[in-house]
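Dumped query_29.cif below, it's mmCIF, C-alpha atoms and all ligand atoms:
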```
data_structure
loop_
_atom_site.label_atom_id
_atom_site.label_comp_id
_atom_site.auth_asym_id
_atom_site.auth_seq_id
_atom_site.Cartn_x
_atom_site.Cartn_y
_atom_site.Cartn_z
CA MET A 13 -22.40 21.99 -0.99
CA ILE A 14 -19.36 21.48 -3.22
CA SER A 15 -18.60 18.60 -5.57
CA GLU A 16 -16.54 15.65 -4.50
CA GLU A 17 -13.80 16.52 -7.02
CA GLU A 18 -13.65 20.11 -5.75
CA ALA A 19 -13.43 18.91 -2.16
CA ARG A 20 -10.66 16.50 -2.97
CA SER A 21 -8.58 19.08 -4.86
CA LYS A 22 -9.08 21.67 -2.15
CA ILE A 23 -7.88 19.21 0.48
CA LEU A 24 -4.90 18.06 -1.54
CA GLU A 25 -3.89 21.66 -2.39
CA THR A 26 -3.77 22.43 1.32
CA ILE A 27 -1.74 19.38 2.30
CA ARG A 28 2.06 19.49 2.13
CA PRO A 29 4.21 16.38 2.45
CA LEU A 30 5.90 16.16 5.85
CA PRO A 31 9.71 16.43 5.96
CA ALA A 32 11.58 13.22 5.16
CA ARG A 33 13.52 11.11 7.65
CA ARG A 34 16.11 8.34 7.41
CA LEU A 35 15.11 4.89 8.61
CA THR A 36 16.70 1.47 8.58
CA ILE A 37 15.24 -0.32 5.62
CA LEU A 38 13.07 -2.68 7.68
CA GLN A 39 11.55 0.26 9.55
CA ALA A 40 10.76 1.80 6.17
CA LEU A 41 8.31 -0.98 5.23
CA ASP A 42 5.05 0.62 3.98
CA CYS A 43 6.60 4.12 4.01
CA PHE A 44 7.11 6.12 0.80
CA ALA A 45 10.50 6.82 -0.74
CA ALA A 46 11.50 10.46 -0.27
CA GLU A 47 13.89 10.43 -3.24
CA ASP A 48 14.74 8.38 -6.32
CA TYR A 49 17.19 5.55 -5.71
CA ALA A 50 19.54 4.09 -8.30
CA ALA A 51 21.43 0.79 -8.36
CA ARG A 52 24.88 1.04 -6.78
CA LEU A 53 25.92 -2.29 -8.25
CA PRO A 54 25.00 -4.30 -11.30
CA LEU A 55 23.11 -7.46 -10.41
CA PRO A 56 24.54 -9.99 -10.52
CA ASN A 57 27.77 -8.23 -9.71
CA PHE A 58 29.92 -10.90 -11.45
CA ASP A 59 29.25 -13.75 -13.88
CA ASN A 60 28.30 -16.75 -11.80
CA SER A 61 26.90 -20.24 -12.03
CA ALA A 62 23.15 -20.87 -11.85
CA MET A 63 23.69 -24.57 -11.03
CA ASP A 64 25.81 -27.04 -9.15
CA GLY A 65 27.89 -28.66 -11.91
CA TYR A 66 30.98 -28.03 -14.02
CA ALA A 67 32.27 -24.91 -15.73
CA VAL A 68 33.25 -25.92 -19.25
CA ILE A 69 33.98 -24.69 -22.76
CA ALA A 70 30.75 -25.40 -24.65
CA ARG A 71 32.43 -26.45 -27.90
CA ASP A 72 34.39 -29.21 -26.04
CA CYS A 73 31.14 -30.87 -25.01
CA ARG A 74 29.66 -33.60 -27.15
CA SER A 75 28.07 -36.82 -25.99
CA GLY A 76 30.87 -39.01 -24.60
CA ALA A 77 33.51 -36.23 -24.44
CA ARG A 78 35.93 -36.52 -21.51
CA LEU A 79 37.09 -33.42 -19.63
CA ARG A 80 39.68 -33.25 -16.88
CA VAL A 81 38.53 -31.59 -13.66
CA VAL A 82 41.33 -29.13 -12.79
CA GLY A 83 39.89 -27.41 -9.72
CA GLU A 84 36.90 -26.57 -7.61
CA GLN A 85 35.19 -23.18 -7.37
CA PRO A 86 32.80 -22.79 -4.42
CA ALA A 87 30.54 -19.77 -3.83
CA GLY A 88 31.83 -16.97 -1.62
CA LEU A 89 35.45 -16.62 -2.76
CA ASP A 90 37.09 -16.26 -6.15
CA ARG A 91 39.90 -18.79 -6.67
CA GLN A 92 40.79 -17.10 -9.99
CA LEU A 93 40.70 -20.45 -11.80
CA ARG A 94 41.02 -20.90 -15.56
CA VAL A 95 39.52 -23.53 -17.87
CA LEU A 96 41.54 -24.56 -20.91
CA ALA A 97 40.49 -26.80 -23.82
CA GLY A 98 39.60 -30.28 -22.59
CA GLN A 99 39.23 -29.11 -18.97
CA ALA A 100 36.39 -28.46 -16.53
CA VAL A 101 36.15 -26.84 -13.08
CA ARG A 102 33.78 -28.21 -10.43
CA ILE A 103 31.45 -25.29 -9.64
CA PHE A 104 28.54 -24.53 -7.30
CA THR A 105 25.48 -22.27 -7.53
CA GLY A 106 26.43 -18.60 -7.10
CA ALA A 107 30.18 -19.23 -7.54
CA PRO A 108 32.14 -16.91 -9.86
CA MET A 109 32.80 -18.31 -13.32
CA PRO A 110 36.42 -19.35 -13.97
CA ALA A 111 38.19 -17.54 -16.81
CA GLY A 112 37.90 -19.30 -20.16
CA ALA A 113 34.68 -21.19 -19.32
CA ASP A 114 31.61 -20.21 -21.34
CA ALA A 115 28.96 -22.61 -20.01
CA VAL A 116 27.98 -24.66 -17.02
CA VAL A 117 26.86 -28.24 -17.34
CA MET A 118 24.64 -29.56 -14.55
CA GLN A 119 26.13 -32.32 -12.43
CA GLU A 120 23.10 -34.46 -13.37
CA ASP A 121 24.20 -34.25 -17.04
CA VAL A 122 27.70 -35.71 -16.60
CA THR A 123 29.20 -38.89 -15.20
CA ARG A 124 32.09 -38.36 -12.81
CA ASP A 125 35.02 -40.71 -13.33
CA GLU A 126 37.78 -39.93 -10.77
CA ASP A 127 39.41 -36.67 -11.95
CA GLU A 128 37.44 -36.63 -15.19
CA ILE A 129 33.86 -36.12 -16.26
CA VAL A 130 32.10 -37.72 -19.19
CA VAL A 131 29.64 -35.36 -20.84
CA ASN A 132 26.23 -36.86 -21.72
CA GLY A 133 25.27 -34.48 -24.54
CA ASP A 134 25.74 -31.11 -26.25
CA VAL A 135 26.06 -27.95 -24.18
CA ASP A 136 24.79 -24.54 -25.29
CA LEU A 137 27.12 -21.55 -25.23
CA GLY A 138 26.37 -19.51 -22.08
CA GLN A 139 24.06 -22.07 -20.52
CA PHE A 140 23.48 -21.76 -16.76
CA ILE A 141 25.66 -18.65 -16.49
CA ARG A 142 24.08 -15.65 -14.79
CA GLN A 143 25.69 -12.78 -16.68
CA ARG A 144 26.92 -9.73 -14.76
CA GLY A 145 24.23 -7.02 -14.96
CA CYS A 146 21.57 -9.23 -16.60
CA ASP A 147 19.08 -8.40 -13.82
CA LEU A 148 20.01 -4.80 -13.16
CA SER A 149 22.64 -2.37 -14.46
CA GLU A 150 24.58 0.02 -12.28
CA GLY A 151 22.77 3.38 -12.11
CA GLN A 152 19.40 1.96 -13.13
CA LYS A 153 16.48 3.42 -11.15
CA ILE A 154 15.40 0.92 -8.51
CA LEU A 155 12.97 2.99 -6.48
CA GLU A 156 10.96 6.03 -7.46
CA LYS A 157 10.26 8.95 -5.16
CA GLY A 158 6.76 8.50 -3.73
CA ALA A 159 6.64 4.73 -4.26
CA ARG A 160 5.57 2.54 -1.37
CA ILE A 161 8.30 0.42 0.17
CA ARG A 162 7.09 -3.17 -0.04
CA ALA A 163 8.65 -6.37 1.28
CA ALA A 164 10.30 -7.11 -2.07
CA THR A 165 11.58 -3.52 -2.27
CA LEU A 166 13.42 -4.17 0.99
CA GLY A 167 14.96 -7.30 -0.52
CA LEU A 168 16.18 -5.31 -3.51
CA LEU A 169 17.60 -2.50 -1.36
CA ALA A 170 19.43 -5.02 0.85
CA SER A 171 20.81 -6.78 -2.24
CA GLN A 172 22.30 -3.41 -3.16
CA GLY A 173 23.93 -2.98 0.23
CA PHE A 174 21.56 -0.29 1.49
CA THR A 175 20.99 -0.28 5.25
CA GLU A 176 19.01 2.98 5.50
CA ILE A 177 16.80 5.02 3.23
CA SER A 178 15.06 8.34 3.27
CA VAL A 179 11.27 8.15 3.48
CA GLY A 180 8.33 10.44 4.09
CA ARG A 181 7.43 10.89 7.73
CA GLY A 182 4.53 8.88 9.20
CA VAL A 183 1.38 10.71 10.17
CA SER A 184 0.14 10.74 13.74
CA ALA A 185 -3.56 11.32 14.06
CA SER A 186 -5.95 11.91 16.90
CA ILE A 187 -9.43 10.40 16.78
CA ILE A 188 -12.40 11.90 18.58
CA SER A 189 -15.81 10.25 18.56
CA THR A 190 -18.76 12.38 19.60
CA GLY A 191 -22.30 11.56 20.64
CA ASP A 192 -24.31 11.29 23.87
CA GLU A 193 -25.81 8.01 22.71
CA LEU A 194 -22.50 6.17 22.45
CA ALA A 195 -21.29 3.58 24.94
CA ARG A 196 -17.89 1.93 24.93
CA PRO A 197 -17.81 -1.68 23.72
CA GLY A 198 -17.60 -3.73 26.90
CA ASP A 199 -19.86 -1.40 28.94
CA LYS A 200 -23.48 -2.29 29.61
CA LEU A 201 -25.86 -0.62 27.15
CA LYS A 202 -28.60 1.58 28.61
CA LEU A 203 -31.87 2.10 26.75
CA GLY A 204 -31.29 4.32 23.74
CA GLN A 205 -27.53 3.78 23.68
CA ILE A 206 -25.48 2.11 20.96
CA TYR A 207 -21.91 0.93 21.03
CA GLU A 208 -19.35 3.34 19.69
CA SER A 209 -17.75 1.66 16.69
CA ASN A 210 -16.27 4.40 14.52
CA SER A 211 -13.11 4.97 16.50
CA ILE A 212 -12.01 1.36 16.13
CA LEU A 213 -12.91 1.48 12.42
CA LEU A 214 -10.88 4.67 11.99
CA GLN A 215 -7.88 3.25 13.86
CA ALA A 216 -7.90 0.25 11.56
CA LEU A 217 -8.24 2.41 8.44
CA LEU A 218 -5.36 4.57 9.63
CA GLN A 219 -3.24 1.48 10.20
CA ARG A 220 -3.98 0.41 6.62
CA CYS A 221 -2.48 3.72 5.46
CA ALA A 222 0.55 3.11 7.71
CA ALA A 223 -0.53 6.07 9.84
CA LEU A 224 -0.82 5.95 13.59
CA ALA A 225 -3.70 6.88 15.88
CA VAL A 226 -1.83 8.42 18.81
CA SER A 227 -4.92 9.26 20.83
CA VAL A 228 -8.52 8.11 20.80
CA GLU A 229 -11.00 10.13 22.84
CA HIS A 230 -14.72 10.07 23.26
CA CYS A 231 -16.81 13.12 23.98
CA GLY A 232 -20.53 13.71 24.58
CA ASP A 233 -22.49 16.35 22.68
CA ASP A 234 -21.23 19.06 24.95
CA ALA A 235 -19.34 22.11 23.73
CA ASP A 236 -17.09 22.50 26.78
CA SER A 237 -15.79 18.97 26.86
CA LEU A 238 -15.41 18.88 23.06
CA GLY A 239 -13.42 22.13 23.26
CA LYS A 240 -11.08 20.60 25.86
CA VAL A 241 -10.57 17.35 23.98
CA LEU A 242 -9.96 19.26 20.73
CA ALA A 243 -7.43 21.59 22.34
CA ALA A 244 -5.27 18.59 23.23
CA ALA A 245 -5.89 16.73 19.97
CA ILE A 246 -4.77 19.53 17.66
CA LYS A 247 -1.19 19.11 18.87
CA ASN A 248 -1.08 16.21 16.41
CA GLN A 249 -0.78 16.54 12.65
CA VAL A 250 -4.30 15.32 11.95
CA VAL A 251 -7.52 15.21 13.95
CA ILE A 252 -10.39 13.01 12.78
CA ILE A 253 -13.71 13.68 14.47
CA SER A 254 -16.61 11.33 13.98
CA GLY A 255 -20.19 12.55 14.38
CA GLY A 256 -21.59 15.96 15.26
CA VAL A 257 -20.93 17.59 11.88
CA SER A 258 -24.52 17.60 10.64
CA VAL A 259 -27.19 20.27 11.06
CA GLY A 260 -28.96 19.25 14.30
CA GLU A 261 -28.81 21.23 17.55
CA HIS A 262 -26.50 18.54 18.96
CA ASP A 263 -24.04 18.81 16.08
CA LEU A 264 -21.51 21.03 17.77
CA VAL A 265 -18.28 20.20 16.02
CA GLN A 266 -18.24 23.09 13.57
CA LYS A 267 -19.18 25.66 16.21
CA VAL A 268 -16.59 24.43 18.68
CA LEU A 269 -13.89 24.28 16.00
CA ARG A 270 -14.58 27.91 15.06
CA SER A 271 -14.57 28.94 18.72
CA ILE A 272 -11.01 27.66 19.14
CA GLY A 273 -9.86 29.45 15.99
CA ALA A 274 -10.19 26.79 13.31
CA LYS A 275 -10.68 27.76 9.70
CA ILE A 276 -13.36 25.61 8.05
CA ASP A 277 -12.50 25.16 4.37
CA ILE A 278 -15.16 22.62 3.47
CA TRP A 279 -18.51 21.70 4.92
CA ARG A 280 -20.95 19.55 3.00
CA VAL A 281 -19.91 17.68 -0.09
CA ALA A 282 -21.99 16.08 -2.81
CA ILE A 283 -21.23 12.51 -1.85
CA LYS A 284 -23.49 9.67 -0.71
CA PRO A 285 -23.03 8.57 1.97
CA GLY A 286 -21.18 11.39 3.74
CA LYS A 287 -22.74 14.74 2.79
CA PRO A 288 -21.96 16.65 6.04
CA PHE A 289 -18.20 16.00 5.65
CA LEU A 290 -16.07 18.82 7.06
CA PHE A 291 -12.46 19.82 6.46
CA GLY A 292 -10.61 22.56 8.25
CA ARG A 293 -7.33 23.67 9.75
CA ILE A 294 -6.17 25.02 13.02
CA GLY A 295 -2.54 26.13 13.08
CA GLU A 296 -0.54 23.29 11.55
CA CYS A 297 -3.21 20.72 12.32
CA ILE A 298 -5.54 19.34 9.64
CA VAL A 299 -9.06 18.57 10.88
CA PHE A 300 -11.52 16.17 9.29
CA GLY A 301 -15.11 15.95 10.52
CA LEU A 302 -16.73 12.75 9.34
CA PRO A 303 -20.46 12.12 9.59
CA GLY A 304 -21.12 9.58 12.34
CA ASN A 305 -23.07 6.97 10.43
CA PRO A 306 -20.52 4.18 10.02
CA ALA A 307 -20.82 3.85 6.24
CA SER A 308 -20.41 7.63 5.91
CA THR A 309 -17.34 7.57 8.14
CA PHE A 310 -15.91 4.74 6.08
CA VAL A 311 -16.57 6.22 2.63
CA THR A 312 -15.45 9.76 3.49
CA PHE A 313 -12.29 8.37 5.11
CA LEU A 314 -11.39 6.48 1.94
CA GLN A 315 -12.29 9.31 -0.45
CA PHE A 316 -10.86 12.30 1.45
CA VAL A 317 -8.81 11.37 4.52
CA ARG A 318 -6.81 8.55 3.00
CA PRO A 319 -5.46 10.56 0.04
CA ALA A 320 -4.61 13.46 2.35
CA ILE A 321 -2.68 11.23 4.74
CA LEU A 322 -0.88 9.50 1.88
CA LYS A 323 0.14 12.88 0.46
CA MET A 324 1.46 13.97 3.87
CA MET A 325 3.53 10.79 3.99
CA GLY A 326 5.03 11.51 0.56
CA ALA A 327 3.09 9.00 -1.55
CA SER A 328 2.70 9.64 -5.26
CA ASP A 329 -0.31 7.39 -5.85
CA LEU A 330 -3.17 8.65 -3.72
CA ASP A 331 -5.99 6.63 -5.27
CA LEU A 332 -7.46 3.36 -4.15
CA PRO A 333 -6.57 0.58 -6.58
CA LYS A 334 -9.22 0.13 -9.29
CA VAL A 335 -10.28 -3.22 -10.67
CA ARG A 336 -12.52 -4.02 -13.68
CA ALA A 337 -15.50 -6.11 -12.79
CA ARG A 338 -18.74 -7.40 -14.26
CA LEU A 339 -21.75 -5.94 -12.49
CA ILE A 340 -24.30 -8.59 -11.64
CA VAL A 341 -27.40 -6.42 -11.05
CA ASP A 342 -29.01 -3.29 -12.54
CA LEU A 343 -28.24 -0.11 -10.61
CA THR A 344 -29.52 3.45 -10.97
CA ASN A 345 -28.52 6.51 -8.98
CA GLU A 346 -31.61 8.65 -8.53
CA SER A 347 -30.12 10.81 -5.80
CA ASP A 348 -28.56 14.25 -6.25
CA ARG A 349 -25.10 13.02 -5.25
CA PRO A 350 -22.63 10.41 -6.54
CA HIS A 351 -23.39 7.21 -4.66
CA TYR A 352 -20.70 4.83 -3.41
CA ILE A 353 -22.24 1.36 -3.47
CA ARG A 354 -20.62 -1.08 -1.06
CA GLY A 355 -20.23 -4.50 -2.57
CA LYS A 356 -18.30 -7.67 -2.95
CA LEU A 357 -15.76 -8.19 -5.67
CA GLN A 358 -15.22 -11.88 -6.26
CA GLY A 359 -14.05 -13.78 -9.32
CA GLY A 360 -14.20 -10.61 -11.45
CA LYS A 361 -17.84 -9.92 -10.51
CA PHE A 362 -19.19 -7.10 -8.37
CA SER A 363 -22.40 -7.46 -6.37
CA PRO A 364 -23.79 -4.90 -3.93
CA VAL A 365 -24.07 -6.34 -0.42
CA GLY A 366 -26.50 -5.52 2.34
CA ARG A 367 -28.51 -2.40 2.87
CA GLN A 368 -27.01 0.68 1.29
CA GLU A 369 -28.18 3.17 3.94
CA SER A 370 -25.43 4.96 5.80
CA HIS A 371 -26.19 3.39 9.20
CA ALA A 372 -25.94 -0.19 7.93
CA VAL A 373 -22.79 -1.94 9.10
CA PHE A 374 -23.35 -5.57 8.19
CA GLY A 375 -23.21 -5.08 4.42
CA LEU A 376 -20.17 -2.86 4.89
CA SER A 377 -18.46 -5.63 6.82
CA GLN A 378 -19.05 -8.05 3.92
CA ALA A 379 -17.90 -5.59 1.26
CA ASN A 380 -14.42 -5.30 -0.20
CA ALA A 381 -15.08 -2.83 -3.01
CA LEU A 382 -16.87 0.42 -3.81
CA LEU A 383 -18.68 1.24 -7.03
CA ARG A 384 -19.18 4.96 -7.68
CA LEU A 385 -22.45 5.67 -9.43
CA ALA A 386 -22.58 9.19 -10.85
CA VAL A 387 -25.72 11.30 -10.52
CA GLY A 388 -28.38 9.93 -12.89
CA GLU A 389 -26.18 7.02 -13.93
CA SER A 390 -27.92 3.78 -14.85
CA LEU A 391 -25.99 0.55 -15.15
CA LYS A 392 -27.21 -2.83 -16.31
CA GLY A 393 -26.30 -6.27 -15.04
CA ASP A 394 -23.37 -7.56 -17.17
CA ASP A 395 -21.94 -4.05 -17.65
CA ILE A 396 -18.20 -3.80 -17.10
CA VAL A 397 -17.39 -1.32 -14.33
CA ASP A 398 -14.33 -0.08 -12.44
CA VAL A 399 -14.55 -0.62 -8.71
CA GLN A 400 -12.28 0.67 -5.96
CA VAL A 401 -10.83 -1.96 -3.68
CA TRP A 402 -9.37 -1.54 -0.23
CA ASP A 403 -8.91 -5.06 1.08
P1 LIG B 501 -24.12 12.22 13.78
O1 LIG B 501 -23.17 12.33 12.65
O2 LIG B 501 -23.50 12.61 15.08
O3 LIG B 501 -25.38 12.98 13.48
O4 LIG B 501 -24.51 10.71 13.90
C1 LIG B 501 -25.21 10.06 12.87
C2 LIG B 501 -25.54 8.63 13.26
O5 LIG B 501 -24.33 7.92 13.44
C3 LIG B 501 -26.30 8.50 14.56
O6 LIG B 501 -27.25 7.47 14.41
C4 LIG B 501 -25.23 8.14 15.54
O7 LIG B 501 -25.73 7.40 16.63
C5 LIG B 501 -24.29 7.32 14.72
N1 LIG B 501 -22.93 7.44 15.23
C6 LIG B 501 -22.30 8.59 15.50
N2 LIG B 501 -21.07 8.36 15.96
C7 LIG B 501 -20.92 7.02 16.01
C8 LIG B 501 -19.86 6.15 16.42
N3 LIG B 501 -18.72 6.65 16.86
N4 LIG B 501 -20.07 4.82 16.34
C9 LIG B 501 -21.24 4.33 15.87
N5 LIG B 501 -22.26 5.09 15.46
C10 LIG B 501 -22.12 6.42 15.55
MG MG B 502 -24.15 12.86 17.00
#
```
For this file, produce the structure as structure tokens.
Amino acid sequence: MISEEEARSKILETIRPLPARRLTILQALDCFAAEDYAARLPLPNFDNSAMDGYAVIARDCRSGARLRVVGEQPAGLDRQLRVLAGQAVRIFTGAPMPAGADAVVMQEDVTRDEDEIVVNGDVDLGQFIRQRGCDLSEGQKILEKGARIRAATLGLLASQGFTEISVGRGVSASIISTGDELARPGDKLKLGQIYESNSILLQALLQRCAALAVSVEHCGDDADSLGKVLAAAIKNQVVIISGGVSVGEHDLVQKVLRSIGAKIDIWRVAIKPGKPFLFGRIGECIVFGLPGNPASTFVTFLQFVRPAILKMMGASDLDLPKVRARLIVDLTNESDRPHYIRGKLQGGKFSPVGRQESHAVFGLSQANALLRLAVGESLKGDDIVDVQVWD
């Protein structure tokens, strides 16, 4: 049995990012930038008005001052207008500033009188002008290699005129659930059977990492059929097997993997739940064997599979987000492995939910955060802890 940290570094050392590809920016949502991107343009690209109103010279404007309106500057074209002393130009939001003007006065703050305006009060130099480059200078870094492309990132890229960007390739994974006792949801349960639930859980978790489950197969505890299903599955970049990695006579995954030439790098990790976790390779394909108890599948996916998939897709941050929270109960880890407690993070407080055994699915369904308790660690209610969140 190796430590969780050792397992994680071993996995991440093995994984190489996939080659990058160019996508239209919308397709790149939730992908990871494959290079640094810099601003092509300053933003704004020209001085422009932040309001509908009048472009003026600030020092001309006192309460009661009259200015002659000498032109109109709409957004979208530059009429190359000029404002001289005692003059104003009618201007609209986003329109380029006329030469000579150094402020904009809102239309609500003047009274229009035919081709003149009467100013209601003082005007500050520069008011309501969006200065060229005040948001972003040309050449400034706008996207870092490895950063996730979010909705607002797309807005920024589009505002810079980008139509395509280079991102890390998406991962396609194959899921195999194993177990003679498993029936498909929708089928009638026979005595002793349970519904198979891990493959749907794994598909959803993959989706949350922007990876794709390209095939989902189920296989009984039978070496021949597992061998056949595996032979097809390993054509994908990643295979995730649920169940059959423990030590019982029906746990055939490791044996079958070896028989088709897989190299097993990790089997059994000091983590609770999830001790029988397995990691191996066959050719170019990365294989994860996750213990079948749903909470074990869930925790080992988040701790080992998720970072590996993110690294393959070119992400730089492989960790789940961490949030500080106030623990509301006492907790002690008396086991020989770090224990991931499933719980609810709400209003800055963390409370364990439901049974913490690895078969229990109800508590897991109510949880949105994991608290890692180290071996021997004892925490008191009111302690401040860091919890990992995934939802
Ligand atoms: P195993 O890892 O195969 O020893 O399975 C451990 C426990 O998880 C057993 O109680 C299995 O019935 C259960 N289990 C295994 N695979 C699944 C699955 N795909 N969906 C739900 N439960 C499962
Ligand atoms: Mg089994």
Item to complete: For Thr36 in chain A, work out the shell of residues within 8 Å, counting all atoms listed in the file and skipping chain neighbours fewer than 3 positions away, then give it as a list of chain:residue names.
Response: A:Gln39, A:Ala40, A:Thr175, A:Glu176, A:Ile177
Worksheet entry | Best match for closeness to Arg34 in chain A among A:Leu89, A:Ala111, A:Leu168, A:Val179, counting all atoms listed in the file | A:Val179
Could you give me, as CSV, every chain A residue with an atom at most 6 Å from ligand LIG 501 (chain B), plus its closest atom pair and distance in Å to one decimal, counting all atoms listed in the file, rows ordered by chain then number?
```
residue,atom,partner,partner_atom,distance
A:Ser189,CA,B:LIG501,N3,4.9
A:Thr190,CA,B:LIG501,N2,5.9
A:Gly191,CA,B:LIG501,O2,5.8
A:Glu208,CA,B:LIG501,N4,3.7
A:Ser209,CA,B:LIG501,N4,3.9
A:Asn210,CA,B:LIG501,N3,4.1
A:Ser211,CA,B:LIG501,N3,5.9
A:Ser254,CA,B:LIG501,N2,5.7
A:Gly255,CA,B:LIG501,O2,3.4
A:Gly256,CA,B:LIG501,O2,3.9
A:Val257,CA,B:LIG501,O1,5.8
A:Ser258,CA,B:LIG501,O3,5.5
A:Pro303,CA,B:LIG501,O1,4.1
A:Gly304,CA,B:LIG501,O1,3.4
A:Asn305,CA,B:LIG501,O5,3.4
A:Pro306,CA,B:LIG501,N5,5.8
```
Discussion item. Residues within 9 Å of Ser390 in chain A, please, as number ranges by chain. Count only C-alpha atoms; anything in the same chain fewer than 3 positions from it doesn't count.
Written reply: A: 342-346, 385-387
Fill in: Selected residue, from A:Arg20, A:Lys275, A:His262, A:Arg196, that lies nearest to ligand MG 502 (chain B) when counting all atoms listed in the file
A:His262
Item to complete: Give me, please, the distance in Å between CA of Val226 in chain A and CA of Pro288 in chain A, quoted to one decimal.
Response: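 Taking CA of Val226 in chain A and CA of Pro288 in chain A, their separation equals 25.2 Å.
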Worksheet item: When you draw a straight line from CA of Ala245 in chain A to CA of Gly286 in chain A, how long is it in Å?
Response: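 So the two atoms, CA of Ala245 in chain A and CA of Gly286 in chain A, lie 22.9 Å apart.
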Worksheet item: What separation in Å, quoted to one decimal, exists between CA of Arg336 in chain A and CA of Asp398 in chain A?
Response: 4.5 Å
Need the axis-aligned box for range 273-280 of chain A with 5 Å each side, so what are the centre and edges in Å to one decimal, as JSON?
```
{"center_x": -15.4, "center_y": 24.5, "center_z": 9.5, "size_x": 21.1, "size_y": 19.9, "size_z": 23.0}
```
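Using all atoms listed in the file, the shortest contact distance between ligand MG 502 (chain B) and any of A:Gly388, A:Gly106, A:Gly359, A:Gly301 is found at A:Gly301.
Those residues that approach Arg78 in chain A to within 7 Å, counting only C-alpha atoms, are Glu128, Ile129, Val130 and Val131 of chain A; same-chain residues fewer than 3 positions away are not listed.
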Item to complete: May I ask which of the residues A:Ser363, A:Gln215, A:Ser271, A:Gln315 is the closest one to Arg338 in chain A, counting only C-alpha atoms?
Response: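 Of A:Ser363, A:Gln215, A:Ser271, A:Gln315, the one nearest Arg338 in chain A is A:Ser363, counting only C-alpha atoms.
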Give me, as a Markdown table, the closest atom pair and its distance (Å, one decimal) for every residue of range 198-292 of chain A within a cut-off of 10 Å of range 183-187 of chain A, counting only C-alpha atoms, rows sorted by chain and rising number.
```
| residue | atom | partner | partner_atom | distance |
| --- | --- | --- | --- | --- |
| A:Asn210 | CA | A:Ile187 | CA | 9.4 |
| A:Ser211 | CA | A:Ile187 | CA | 6.6 |
| A:Ile212 | CA | A:Ile187 | CA | 9.4 |
| A:Leu214 | CA | A:Ile187 | CA | 7.6 |
| A:Gln215 | CA | A:Ile187 | CA | 7.9 |
| A:Leu218 | CA | A:Ala185 | CA | 8.3 |
| A:Cys221 | CA | A:Val183 | CA | 9.3 |
| A:Ala222 | CA | A:Val183 | CA | 8.0 |
| A:Ala223 | CA | A:Val183 | CA | 5.0 |
| A:Leu224 | CA | A:Ser184 | CA | 4.9 |
| A:Ala225 | CA | A:Ala185 | CA | 4.8 |
| A:Val226 | CA | A:Ser186 | CA | 5.7 |
| A:Ser227 | CA | A:Ser186 | CA | 4.9 |
| A:Val228 | CA | A:Ile187 | CA | 4.7 |
| A:Glu229 | CA | A:Ile187 | CA | 6.3 |
| A:His230 | CA | A:Ile187 | CA | 8.4 |
| A:Leu242 | CA | A:Ser186 | CA | 9.2 |
| A:Ala244 | CA | A:Ser186 | CA | 9.2 |
| A:Ala245 | CA | A:Ser186 | CA | 5.7 |
| A:Ile246 | CA | A:Ser186 | CA | 7.7 |
| A:Lys247 | CA | A:Ser186 | CA | 8.9 |
| A:Asn248 | CA | A:Ala185 | CA | 6.0 |
| A:Gln249 | CA | A:Ser184 | CA | 6.0 |
| A:Val250 | CA | A:Ala185 | CA | 4.6 |
| A:Val251 | CA | A:Ser186 | CA | 4.7 |
| A:Ile252 | CA | A:Ile187 | CA | 4.9 |
| A:Ile253 | CA | A:Ile187 | CA | 5.9 |
| A:Ser254 | CA | A:Ile187 | CA | 7.8 |
```
Would you fill out range 352-357 of chain A with N, CA, C and O atoms and return it as a CSV table (one decimal), keeping the file's coordinate frame?
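The new file part_8.csv reads:
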```csv
chain,number,residue,atom,x,y,z
A,352,TYR,N,-21.7,5.9,-3.5
A,352,TYR,CA,-20.7,4.8,-3.4
A,352,TYR,C,-21.4,3.6,-2.9
A,352,TYR,O,-21.8,3.5,-1.7
A,353,ILE,N,-21.6,2.6,-3.8
A,353,ILE,CA,-22.2,1.4,-3.5
A,353,ILE,C,-21.2,0.4,-2.9
A,353,ILE,O,-20.2,0.1,-3.5
A,354,ARG,N,-21.5,-0.1,-1.7
A,354,ARG,CA,-20.6,-1.1,-1.1
A,354,ARG,C,-21.0,-2.5,-1.6
A,354,ARG,O,-22.1,-2.9,-1.6
A,355,GLY,N,-19.9,-3.2,-2.0
A,355,GLY,CA,-20.2,-4.5,-2.6
A,355,GLY,C,-19.1,-5.5,-2.5
A,355,GLY,O,-18.0,-5.1,-1.9
A,356,LYS,N,-19.3,-6.6,-3.0
A,356,LYS,CA,-18.3,-7.7,-3.0
A,356,LYS,C,-17.7,-7.9,-4.3
A,356,LYS,O,-18.5,-8.1,-5.3
A,357,LEU,N,-16.4,-7.9,-4.4
A,357,LEU,CA,-15.8,-8.2,-5.7
A,357,LEU,C,-15.2,-9.6,-5.5
A,357,LEU,O,-14.4,-9.8,-4.6
```
